[in-house]
Amino acid sequence: MDWNIFSLLTIDGLVNGSMYLLAGLGLVLVFSVTRVVFIPFGSIAVYAAFSLAAFQAGNVPATIGLVVIFALLATIVEVVSLIRKHDVKRIPKAILCWGILPLIPCALAWGVVKTQAPEYALLIASILLVVPVGPLLGRIVFQPIANASVLVLLIVALALEFVASGLALFFFGPEGIRTNSLVSGSLSFGSVTISAYVMLVILSAVVVSVLFFFLFGRTLMGKALRATSINRTGARLIGARPERTAVIAYSVASLLAGFIGVLMSPQTTFYYDSGFLIGLKSFVAAIIGGLVSYPITAIGALGVGIFESFASFWNGELKEAIVFGLLIPILLIRSWLASGGEEDEEDHE
Amino acid sequence: MSEPLLQIRDMHIAYGKVEAVRGVSIDLAEGQIISIIGPNGAGKTTLLSAVMGLMPFKGTVRYRGEDISGLGVEDRVERSLCLVPEQRALFTTLTVKDNLELGAYSQHLKAKEFRQRLDFVYDRFPRLRERRSQYAGTLSGGERQMLALGRALMARPKVLMLDEPSLGLAPLIVGEILQIVRGLRDEGVSILLVEQNALAALESSDFGYVLENGKVALSGDSASLAADERVSATYLGGAASDAMEEEV
Amino acid sequence: MIWRNPKVWIIPLVVVIAFLPLLVESYTVSLINEIGMSTLVALGLVMLTGSGGVTSFGQAAFVGVAAYTSAIVTTKLGLSPWVGLLAALALTSALALVIGALTLRMGGHFLALSTIAWGICVPIIFGSITYLGSHTGILNIPAIHIGDWSLGTPARMYYLVWILVGLAFLLSFNLMHSRTGRVMRSLKGGGTLLASFGADMYRARVILFVYAAVLASLTGWLYAHTYRYVSPSAFNVEVGIEYLLMAIVGGVGSLLGALAGSAVVLELQNILQDFLPLVTEYANHLTVIVFFIIFIVLMQFGRNGVMGGIKSWLESRGYSTSKVKKGPFLDDGDVALAGREKPAKGSRILSSKNLIKQFGGLTAVDDVSFDIDAGDIVGLIGPNGAGKSTMFNMLTRTLKMTTGSIEFMGHDISRQSQRKVACMGMARTFQHVKLMGSMTLLENVALGANVRTHSGVVRDVLRLNKKEEAQIFHEAMRQLERVGLADRAYQTAGQLPLGSQRILEIARALASDPTLLVLDEPAAGLRHQEKIELGTLLRKLREEGMTILIVEHDMDFVMGLVDRLIVMNFGSKLTEGTPDKVRVNKDVQAAYLGGTHE
């Protein structure tokens with residue numbers, strides 16, 4: 001292996017790793033607040049990619065249909081739940097939040113197509129369009145079983161991922177898409193050439209990480225989110241409703257997913273079922289951080305990206321097997337650490 | 001006679017097969033400090049958790065004339081009814097200052113009010129001011145209790161419920177904390193104090209309820225209860241307490 | 001009416017089953033065979049997940065390994081499919097043993113996630129090896145033949161498939177209702193529970209895991225020789241998730257759930273595949289969507305599955321769903337379980353010396369020593385936070401001590417495991433009752449006899465354990481009679497009120513014929529009447545010569561019961577003495593009643 005190949009693989013690894021980083025942050029955020037391993041995260045990225053492709057072709061994305069369906073379901077679920085609690089006063093507000101609010105990005109998307117808006121508007125519209133998907137799915141599927149064990153939530157998350165990708169097939173069709181690149185050109189550093197795309201991705205990862213740090217470290221809302229994940233009862237006792245913090249967590253995660261979809265789509269062909277592997281590989285990064293630590297998740301993500309890159313060079317076919325095979329020792333270490341090093345552990349239902 | 005600030009009526013609380021509280025009624029008037037004492041397992045903590053909305057229960061809780069039995073925990077906090085739970089529920093990986101700031105989360109304060117409240121708490125707990133940048137998890141037992149109390153005070157509660165503040169603390173620190181609790185009355189806070197440490201609790205309160213096996217076995221003004229031998233019997237067993245046993 | 005008796009239906013049912021291939025068309029027989037093959041995998045999953053608490057998304061990988069093994073043996077090596085069967089069983093069990101040994105120490109969701117990991121890896125590995133046909137797989141696999149007779153049609157395979165299914169159910173039933181099986185059914189109670197009756201959680205899990213893999217390998221073999229080709233996509237993690245779905249839909253609480261779940265899922269798939277193409281061109285994937293939506297709804301509302309629903313319905317109509325054979329268990333002349341040699345009254349049983357336990361900077365137990373002699377009944381008391389639980393856990397070896405030593409029956413047990421100590425004769429109960437709610441009282445008590453018996457998994461599966469089982473149940477019934485619960489021996493433990501559950505736990509502890517009985521807050525949460533019953537039982541045990549240590553905070557209860565009290569406060573031993581002396585001790589009064597003055 002010469003320097004050229006080494007540097008190429010490393011850069012490639014960093015690009016993928018940056019994606020996993022963004023995804024890992026989203027997964028850790030959702031898990032720490034809701035205990036849900038949000039695998040459908042991958043499908044949300046897929047929706048964003050397909051939306052951008054539709055925009056670039058001058059069409060109204062089918063994603064709008066998906067959002068409308070989810071919004072309708074979520075509104076119904078919320079209204080029924082309010083009726084059962086005899087809390088009829090809150091119904092109008094519920095319809096507004098769950099039914100109308102998610103439709104605003106849809107209206108925006110429609111407007112963007114009709115007015116033939118510039119490139120960057122297409123990007124933003126694609127991302128905003130999928131932001132409601134996370135919280136809507138969270139409300140419909142996960143909030144009713146919020147007190148279930150992590151395992152049950154995991155099984156449901158996996159099932160939901162299949163529904164989400166099945167819906168993707170239905171709404172977007174079986175063909176793969178690739179979008180037009182957002183940037184072009186490259187820079188040379190000595191013998192190493194880095195494309196503008198690579199720089200964009202790595203820069204994005206850095207910017208988002210810094211933003212994350214500020215949002216969660218400095219704002220009261222961010223601290224409240226962290227508090228919910230540290231001690232749920234304590235969070236309730238200071239008035240932070242778990243349902244609200246969950247919505248925020250899912251929304252931020254969807255935003256990240258949308259961002260990833262839009263960023264990856266010029267370089268990777270997306271299919272309706274790409275979500276599963278994206279979700280699971282991001283999960284590998286998240287689990288390195290134990291599903292609680294953001295810095296370690298970030299490092300783990302970059303590590304997985306680089307590891308995958310070199311593994312792919314060694315044997316392209318076994319790339320996925322190697323990455324997921326890596327998961328087992330990671331889980332072993334994490335499990336051992338979580339039990340405090342003592343052998344004794346309890347199985348909870 | 002006006003309605004008490006906090007009115008707890010005929011509480012029945014069960015979890016799983018255990019009936020922890022069986023028909024308890026308690027009144028807290030404005031400006032009062034009430035203590036609920038009794039041996040371990042009497043149902044004291046369960047009672048407070050239910051009044052705060054953390055557990056389902058049968059019975060009514062009326063606060064400032066409103067029936068809050070069906071509301072959620074967060075609704076109670078917004079109405080200035082606060083609980084300092086037995087486990088403290090601190091955010092151990094956040095700093096002392098962060099913990100206190102979060103205490104005022106429900107109040108949506110402006111920056112100036114915020115600082116005023118923070119100073120209020122720091123004045124009462126100088127040790128917290130010293131350690132404000134430290135992680136809550138590194139504090140000693142007594143300091144944690146102070147932090148938990150301080151965090152609750154950030155929400156300017158009208159009614160403050162304290163669940164076993166003396167738990168795990170040395171007697172001197174317990175004295176310090178209870179002294180501060182007594183001082184809160186001057187700030188307009190009415191207090192419901194649950195304690196296993198009977199004498200300390202009775203010394204700090206106006207009125208007391210003795211819980212045993214989920215029921216109110218005795219009640220009366222604190223000074224008389226402190227001198228009553230039957231209180232001792234509920235803790236250490238004896239013929240007197242057997243006589244108080246009835247079966248539902 | 002004669003038709004109400006379920007047994008009357010057996011003969012017509014058997015006839016229909018035996019002649020089914022003649023009664024329906026070939027396509028339906030194929031579907032029924034597919035159901036049978038899936039049932040085998042689902043059966044393993046029901047046991048693994050329902051009883052063992054291990055959720056596996058990766059069973060399809062084992063099906064694949066077996067299928068590929070037999071495919072290679074028959075196509076590349078040209079040997080008989082029966083040799084292929086042996087090779088498949090061997091290889092799959094070996095792989096399951098390796099994976100299980102590596103991963104089964106993990107807890108809860110970590111373990112489940114690891115099954116996704118190898119569930120993904122294994123088919124990818126198949127697809128990357130040229131010898132295995134890469135993505136195309138292996139074609140032209142021969143059919144199974146018995147002598148000259150080839151099982152090349154669905155009708156003929158039908159008999160093989162369903163004979164194997166029947167056999168699998170029989171063996172699995174044997175296993176679940178044996179010594180090994182009862183331990184497996186307690187896995188959800190946790191490692192501490194299992195250790196308390198001398199069982200090893202990890203070992204039980206591995207055995208169950210390999211057993212489930214063996215069932216899956218049967219499916220793999222049948223698959224290879226029914227469809228006559230194998231490819232990686234038939235064994236990927238999506239298929240694995242579908243198997244889990246079948247188990248959950250059918251209901252993991254019952255072995256029959258495997259059959260119910262497979263039938264429901266596959267038939268539903270069949271119906272959707274007929275109906276949906278009329279509606280849309282993406283029928284296949286709409287099937288998936290519909291399925292998983294149903295699944296998600298199920299998880300929200302009906303987690304017990306089809307069999308769970310049927311059981312509830314039957315029980316509400318008064319039918320018993322218990323499959324336990326009723327006593328008497330031993331015939332005249334049969335020998336009962338051997339007892340343990342008991343120490344002479346007054347001899348030293350337990351001696352704890354200078355025990356210290358520190359958690360970081362906190363000293364929970366500070367230099368506590370005391371002794372217990374045979375025939376004593378001792379109480380360990382103290383206010384909340386005194387260190388009683390920590391002491392208890394150190395004595396039962398649930399917790400390691402920082403310094404100090406413990407001697408039990410003359411042996412130093414300071415470094416021994418909980419399991420070892422339980423086998424040596426120290427039996428314990430739990431503050432939060434750990435009973436298996438779905439097992440009968442008799443079966444729960446039978447768990448206690450685990451330390452005194454040793455039938456292994458092979459004997460249990462083949463039902464060669466009849467004599468030992470009879471001894472175990474005889475002993476369990478004896479203990480139930482001793483504690484006064486014999487009249488409810490065949491009820492499920494979950495139905496009992498708390499007081500009876502506590503007494504049941506004591507019966508389980510007694511079934512191990514202990515030298516020392518250690519009780520963890522047995523009176524907690526009990527009503528007055530239940531406390532009286534418990535006290536009566538403990539007094540009776542004392543009269544029979546049992547040595548008992550009770551950790552308790554209910555003073556009323558303990559005062560009238562014990563010979564001697566040890567009082568702890570702030571981690572140290574405050575005093576020791578008879579109840580009367582302790583009650584009037586000023587230090588003890590101050591410890592309980594408190595105050596803020598030193």
# chains A, B, ... in the order shown; residues from 1 in each chain; ligands from 1

call {"tool": "interface_residues", "arguments": {"of": "chain A", "to": "chain C", "cutoff": "7 Å", "atoms": "only C-alpha atoms", "output": "PyMOL selection string"}}
result
chain A and resi 145+150-151+156+159-160+162-163+166+170+317-318+321+324-325+327-328+331-332+335+344-347

call {"tool": "interface_residues", "arguments": {"of": "chain B", "to": "chain A", "cutoff": "6 Å", "atoms": "only C-alpha atoms", "output": "VMD selection string"}}
result
chain B and resid 74 77 89 91 103 106

call {"tool": "residues_around", "arguments": {"residues": "region 16-21 of chain B", "least_positions_apart": "6", "cutoff": "6 Å", "atoms": "only C-alpha atoms", "output": "PyMOL selection string"}}
result
(chain B and resi 43+214) or (chain C and resi 525)

call {"tool": "write_last_selection", "arguments": {"atoms": "N, CA and C atoms", "output": "mmCIF file, in the first residue's frame"}}
result
data_model
loop_
_atom_site.group_PDB
_atom_site.id
_atom_site.type_symbol
_atom_site.label_atom_id
_atom_site.label_comp_id
_atom_site.auth_asym_id
_atom_site.auth_seq_id
_atom_site.Cartn_x
_atom_site.Cartn_y
_atom_site.Cartn_z
ATOM 1 N N GLY B 43 -45.223 3.621 54.801
ATOM 2 C CA GLY B 43 -45.944 4.166 53.654
ATOM 3 C C GLY B 43 -45.723 5.646 53.456
ATOM 4 N N GLY B 214 -49.315 1.900 56.903
ATOM 5 C CA GLY B 214 -50.176 2.531 55.919
ATOM 6 C C GLY B 214 -51.338 3.321 56.487
ATOM 7 N N GLY C 525 -44.300 -5.455 53.800
ATOM 8 C CA GLY C 525 -45.474 -5.326 52.960
ATOM 9 C C GLY C 525 -46.602 -6.278 53.287
#

call {"tool": "interface_residues", "arguments": {"of": "chain B", "to": "chain C", "cutoff": "6 Å", "atoms": "only C-alpha atoms", "output": "VMD selection string"}}
result
chain B and resid 18 171 175 197 to 200 236 to 237

call {"tool": "residues_around", "arguments": {"residues": "region 445-450 of chain C", "least_positions_apart": "6", "cutoff": "6 Å", "atoms": "only C-alpha atoms", "output": "PyMOL selection string"}}
result
chain C and resi 197+476+508-509+511-512

call {"tool": "write_last_selection", "arguments": {"atoms": "C-alpha atoms", "output": "compact mmCIF listing (two decimals), in the first residue's frame"}}
result
# COMPACT_ATOMS: atom_id res chain seq x y z
CA PHE C 197 -30.70 -22.74 44.17
CA ALA C 476 -41.51 -30.49 46.84
CA ARG C 508 -38.39 -23.42 47.98
CA ALA C 509 -35.49 -22.65 50.28
CA ALA C 511 -36.44 -27.93 49.50
CA SER C 512 -32.69 -27.62 49.34

call {"tool": "atom_distance", "arguments": {"atom1": "CA of Leu83 (chain B)", "atom2": "CA of Glu195 (chain B)"}}
result
13.8 Å

call {"tool": "atom_distance", "arguments": {"atom1": "CA of Tyr294 (chain A)", "atom2": "CA of Gly137 (chain B)"}}
result
19.2 Å

call {"tool": "residues_around", "arguments": {"residues": "Thr403 (chain C)", "least_positions_apart": "5", "cutoff": "10 Å", "atoms": "only C-alpha atoms", "output": "list in words"}}
result
Lys353, Asn354, Leu355, Ile356, Lys357, Gln358, Asp366, Asp367 and Ser414 of chain C

call {"tool": "atom_distance", "arguments": {"atom1": "CA of Gly305 (chain C)", "atom2": "CA of Ile248 (chain C)"}}
result
6.0 Å

call {"tool": "select_by_dssp", "arguments": {"residues": "region 61-237 of chain B", "states": "strand (DSSP E)", "output": "PyMOL selection string"}}
result
chain B and resi 61-63+66-67+81-84+159-163+190-195+207-212+215-221

call {"tool": "select_by_dssp", "arguments": {"residues": "region 302-538 of chain C", "states": "helix (DSSP H, G or I)", "output": "PyMOL selection string"}}
result
chain C and resi 305-316+388-395+418-424+441-452+457-461+466-483+486-488+493-495+498-510+528-538

call {"tool": "residues_around", "arguments": {"residues": "Leu259 (chain C)", "least_positions_apart": "4", "cutoff": "8 Å", "atoms": "only C-alpha atoms", "output": "MDAnalysis selection string"}}
result
chainID C and resid 35:36 39 42:43 250 255 263

call {"tool": "residues_around", "arguments": {"residues": "Leu158 (chain A)", "least_positions_apart": "5", "cutoff": "9 Å", "atoms": "only C-alpha atoms", "output": "PyMOL selection string"}}
result
(chain A and resi 37-40+153+163+276) or (chain C and resi 241)

call {"tool": "write_last_selection", "arguments": {"atoms": "N, CA and C atoms", "output": "mmCIF file, in the first residue's frame"}}
result
data_model
loop_
_atom_site.group_PDB
_atom_site.id
_atom_site.type_symbol
_atom_site.label_atom_id
_atom_site.label_comp_id
_atom_site.auth_asym_id
_atom_site.auth_seq_id
_atom_site.Cartn_x
_atom_site.Cartn_y
_atom_site.Cartn_z
ATOM 1 N N VAL A 37 -33.838 2.907 20.506
ATOM 2 C CA VAL A 37 -32.754 2.834 19.530
ATOM 3 C C VAL A 37 -33.391 3.138 18.181
ATOM 4 N N PHE A 38 -33.250 4.360 17.695
ATOM 5 C CA PHE A 38 -34.072 4.859 16.612
ATOM 6 C C PHE A 38 -33.525 4.451 15.243
ATOM 7 N N ILE A 39 -33.657 3.160 14.912
ATOM 8 C CA ILE A 39 -33.173 2.648 13.640
ATOM 9 C C ILE A 39 -33.829 3.334 12.432
ATOM 10 N N PRO A 40 -35.114 3.669 12.479
ATOM 11 C CA PRO A 40 -35.756 4.333 11.331
ATOM 12 C C PRO A 40 -35.079 5.631 10.927
ATOM 13 N N LEU A 153 -38.720 -1.842 22.929
ATOM 14 C CA LEU A 153 -38.616 -0.646 22.097
ATOM 15 C C LEU A 153 -37.716 -0.915 20.893
ATOM 16 N N VAL A 163 -41.397 -0.953 8.036
ATOM 17 C CA VAL A 163 -42.579 -0.231 7.551
ATOM 18 C C VAL A 163 -42.133 1.012 6.790
ATOM 19 N N PHE A 276 -32.050 0.774 6.306
ATOM 20 C CA PHE A 276 -31.726 -0.248 7.297
ATOM 21 C C PHE A 276 -30.240 -0.260 7.619
ATOM 22 N N ILE C 241 -35.701 -11.798 11.626
ATOM 23 C CA ILE C 241 -36.672 -10.969 12.326
ATOM 24 C C ILE C 241 -38.074 -11.528 12.116
#

call {"tool": "closest_residue", "arguments": {"among": "C:Arg228, C:His135, C:Arg185, C:Lys311", "to": "Thr49 (chain C)", "atoms": "only C-alpha atoms"}}
result
C:Arg185
